[in-house]
Amino acid sequence: MKFKESETVEFKKSTAELKEAVVSISAILNKHGVGELYFGIRDDGTVVGQQTSPKTLREVSQAILERIEPKIYPKIRTVKIQGKTCVAISFEGKDIPYFAYGRAYMRTADENRQLSARELEHMILKKNKDHLRWDTEICRRAKLSDINVKKLKVFLKAAGLRYDSIRNALNKLKLLSGGKLLNTAVILFAKQPQAFFPNAKLRCAVFGRTDTSYIVDRKEFEGDLFYLIEKAQEYILEKINLGMRLEGLRRIDVPEIEKDAFREAIINAFCHRDYREYDSVNIAIFKDRLEIRNPGLLYGDLTVEIITTKMVSERRNELIAELFHRIHFIEKWGRGIRLILSKEPRTEFEEVGNHFVVRFERKSVAPEGAEKVGGKVGDRVGVKVTENQSKILNAIQQNAHINAKELSLLVGISTRKIEENIRKLKEKSLLKRIGSAKGGHWEVVK
């Protein structure tokens, strides 16, 4: 009869493989917390036996005691298997990660794999996540008088809860511990959260190229998370291009990136960022893309592949996420990524350094070598156009059959001014009419 190795059982031919055995013990502990190892059995399961003496058992015991950290105290004994003497070691431990000879290993099938720095970090965070959670820590310097009652009332109303007093309201939301304010209470409802957390901040910038070499605009905002989320959204809408469409006689602005998609990414950035990192959430608008960056990699065992293919969520800041959910900022079931991809299928997600980055493609930017419309047409041919003329060209590019009345509503000037600007655009050879006045259409000259 042959025996078989597994994730919790390891065989060694003899104590000549003592170092490898110590590594196997640490790897099994890191994966399962309990296991067995036998000297005197080959890895194919053949029992060959092991010469033993008190010295042999002592050497095994000392190697395990001295080379595995934190220390473990296994049960070591001699046993008879198929009439041959073997050394059996039973061990267990819950104080992961365990290190053998200064390195951490993980059991995979019947092999021992050295853990990467990130895997080790995840193991430590997973073990201590309840003790290390920033959002449920007490903010020692904050007092009830630091809370903005108006902010709290607005939130309670949105959550369908009644306000009676600051203390009772915060207790309902589980934002007090022993009468002390938690970090979440301060960063959401304090009069000046930045007085307690310098990283309660949003940094925004527009770059004139596809890299960071030329800054066109830069702004910073400080305050509570709800304020920062709205400011991030406003900044993006102000800086990216807006198209237009008509619904009846109403003008509807259409941003080049779906608003619901980038708003979800903004909320996720503030909800899941690592608040122990000093850095802020950053909005970077490039010539060809929008990036939303937050400090802190994906939490727990999540990967980019998992979040983009499965409806799975692990939250670094569970309490913040719970409060966001109360006012329908986020879904409990981790559908935010799916929402983003449903609105903007070409969205990219990436971990860069210690940041998680969501990257949206700017649709109004033409591919390399392609011509552009609107204000860029004038720039291309060396002819200056006014802001209203630029709007007219953009509107016509989207709807070649648009009439002067519709253009008047979209641009916000009289039909007489529309006709005057169209005449000037035709004189500049930027616009021409194809066909009759009633049955024809406009064409922006490429």
# chains A, B, ... in the order shown; residues from 1 in each chain; ligands from 1
>>> residues_around(residues="region 311-328 of chain A", least_positions_apart="6", cutoff="7 Å", atoms="only C-alpha atoms", output="list in words")
Arg133, Asp135, Thr136, Ala158, Ala159, Thr184, Cys271, His272, Tyr299, Gly300, Gly334 and Arg335 of chain A
>>> closest_residue(among="A:Ser165, A:Thr85, A:Gln233, A:Asn183", to="Asp260 (chain A)", atoms="only C-alpha atoms")
A:Gln233
>>> select_by_dssp(residues="region 60-306 of chain A", states="strand (DSSP E)", output="PyMOL selection string")
chain A and resi 68-69+75-81+84-92+99-100+103-108+111-114+176-177+180-181+201-207+215-222+242-247+250-255+281-285+289-295
>>> write_last_selection(atoms="C-alpha atoms", output="short mmCIF file (atom, residue, chain, number, x, y, z; two decimals), in the first residue's frame")
data_model
loop_
_atom_site.label_atom_id
_atom_site.label_comp_id
_atom_site.auth_asym_id
_atom_site.auth_seq_id
_atom_site.Cartn_x
_atom_site.Cartn_y
_atom_site.Cartn_z
CA ILE A 68 10.12 28.62 12.16
CA GLU A 69 8.76 31.98 13.32
CA LYS A 75 4.17 16.59 18.54
CA ILE A 76 7.09 14.39 17.38
CA ARG A 77 7.03 10.61 17.77
CA THR A 78 8.20 7.37 16.18
CA VAL A 79 5.60 5.15 14.54
CA LYS A 80 5.56 1.79 12.78
CA ILE A 81 4.23 1.87 9.22
CA LYS A 84 9.15 0.06 9.32
CA THR A 85 10.05 2.80 11.78
CA CYS A 86 9.18 6.33 10.71
CA VAL A 87 9.13 9.73 12.40
CA ALA A 88 5.71 11.39 12.50
CA ILE A 89 5.27 15.12 13.21
CA SER A 90 1.86 16.62 13.96
CA PHE A 91 1.64 20.40 14.07
CA GLU A 92 -0.83 23.26 14.17
CA PHE A 99 8.34 32.05 8.24
CA ALA A 100 10.92 29.33 7.60
CA ARG A 103 10.88 33.42 4.15
CA ALA A 104 7.13 32.80 3.96
CA TYR A 105 5.72 29.92 1.89
CA MET A 106 2.27 28.69 0.90
CA ARG A 107 1.17 25.13 0.26
CA THR A 108 -0.22 24.59 -3.24
CA GLU A 111 4.35 21.83 -3.38
CA ASN A 112 5.63 24.80 -1.39
CA ARG A 113 5.58 28.19 -3.11
CA GLN A 114 7.33 31.25 -1.73
CA LEU A 176 -19.82 56.22 18.12
CA SER A 177 -17.73 53.87 20.26
CA LYS A 180 -16.26 58.77 21.04
CA LEU A 181 -16.51 59.70 17.36
CA LYS A 201 -8.64 66.10 -0.17
CA LEU A 202 -9.28 65.95 -3.91
CA ARG A 203 -6.69 66.97 -6.50
CA CYS A 204 -7.78 67.70 -10.07
CA ALA A 205 -5.76 68.61 -13.14
CA VAL A 206 -6.13 68.99 -16.89
CA PHE A 207 -3.11 68.19 -19.06
CA ILE A 215 -0.58 71.39 -17.12
CA VAL A 216 -3.52 73.43 -18.41
CA ASP A 217 -5.49 73.70 -15.16
CA ARG A 218 -5.14 72.54 -11.57
CA LYS A 219 -7.44 72.72 -8.54
CA GLU A 220 -7.58 71.22 -5.05
CA PHE A 221 -10.59 70.75 -2.78
CA GLU A 222 -10.85 69.89 0.93
CA LEU A 242 -20.12 68.23 -24.12
CA GLY A 243 -22.15 67.23 -27.13
CA MET A 244 -25.77 68.24 -27.62
CA ARG A 245 -29.02 66.66 -28.67
CA LEU A 246 -32.57 67.88 -28.93
CA GLU A 247 -35.54 66.29 -27.18
CA ARG A 250 -35.14 71.08 -25.27
CA ARG A 251 -31.36 71.14 -25.48
CA ILE A 252 -29.74 68.19 -23.68
CA ASP A 253 -26.02 68.23 -22.90
CA VAL A 254 -24.30 64.91 -23.59
CA PRO A 255 -20.80 64.51 -22.07
CA VAL A 281 -7.98 60.97 -4.67
CA ASN A 282 -6.73 62.40 -7.97
CA ILE A 283 -8.61 63.33 -11.15
CA ALA A 284 -6.36 63.59 -14.22
CA ILE A 285 -7.84 64.71 -17.54
CA ARG A 289 -8.41 60.02 -21.55
CA LEU A 290 -9.75 60.60 -18.04
CA GLU A 291 -8.10 58.86 -15.08
CA ILE A 292 -9.52 58.55 -11.56
CA ARG A 293 -6.83 57.44 -9.13
CA ASN A 294 -7.11 56.50 -5.48
CA PRO A 295 -4.38 55.45 -3.03
#
>>> closest_residue(among="A:Lys2, A:Arg167, A:Arg58, A:Lys19", to="Arg42 (chain A)", atoms="only C-alpha atoms")
A:Lys2
>>> closest_residue(among="A:Glu351, A:Glu420, A:Asp301, A:Gly440", to="Ile402 (chain A)", atoms="only C-alpha atoms")
A:Gly440
>>> closest_residue(among="A:Ile396, A:Phe196, A:Thr415, A:Arg118", to="Thr303 (chain A)", atoms="only C-alpha atoms")
A:Arg118
>>> atom_distance(atom1="CA of Glu348 (chain A)", atom2="CA of Gly208 (chain A)")
21.1 Å
>>> closest_atom_pairs(of="region 162-274 of chain A", to="region 341-345 of chain A", cutoff="8 Å", atoms="only C-alpha atoms", output="tab-separated table")
residue	atom	partner	partner_atom	distance
A:Ile257	CA	A:Glu344	CA	7.5
A:Glu258	CA	A:Lys343	CA	6.3
A:Asp260	CA	A:Lys343	CA	7.4
A:Ala261	CA	A:Lys343	CA	5.9
>>> select_by_dssp(residues="region 151-274 of chain A", states="helix (DSSP H, G or I)", output="PyMOL selection string")
chain A and resi 151-159+166-172+183-189+193-195+225-239+259-272
>>> closest_residue(among="A:Gln389, A:Thr308, A:Thr46, A:Ser145", to="Leu339 (chain A)", atoms="only C-alpha atoms")
A:Thr308
>>> closest_residue(among="A:Lys310, A:Arg276, A:Lys239, A:Lys143", to="Pro198 (chain A)", atoms="only C-alpha atoms")
A:Arg276
>>> residues_around(residues="Arg67 (chain A)", least_positions_apart="3", cutoff="6 Å", atoms="only C-alpha atoms", output="MDAnalysis selection string")
chainID A and resid 63:64 100:101
>>> write_last_selection(atoms="C-alpha atoms", output="short mmCIF file (atom, residue, chain, number, x, y, z; two decimals), in the first residue's frame")
data_model
loop_
_atom_site.label_atom_id
_atom_site.label_comp_id
_atom_site.auth_asym_id
_atom_site.auth_seq_id
_atom_site.Cartn_x
_atom_site.Cartn_y
_atom_site.Cartn_z
CA ALA A 63 15.24 22.68 13.75
CA ILE A 64 11.50 23.32 13.91
CA ALA A 100 10.92 29.33 7.60
CA TYR A 101 14.53 30.51 7.37
#
>>> atom_distance(atom1="CA of Ile418 (chain A)", atom2="CA of Lys432 (chain A)")
14.5 Å
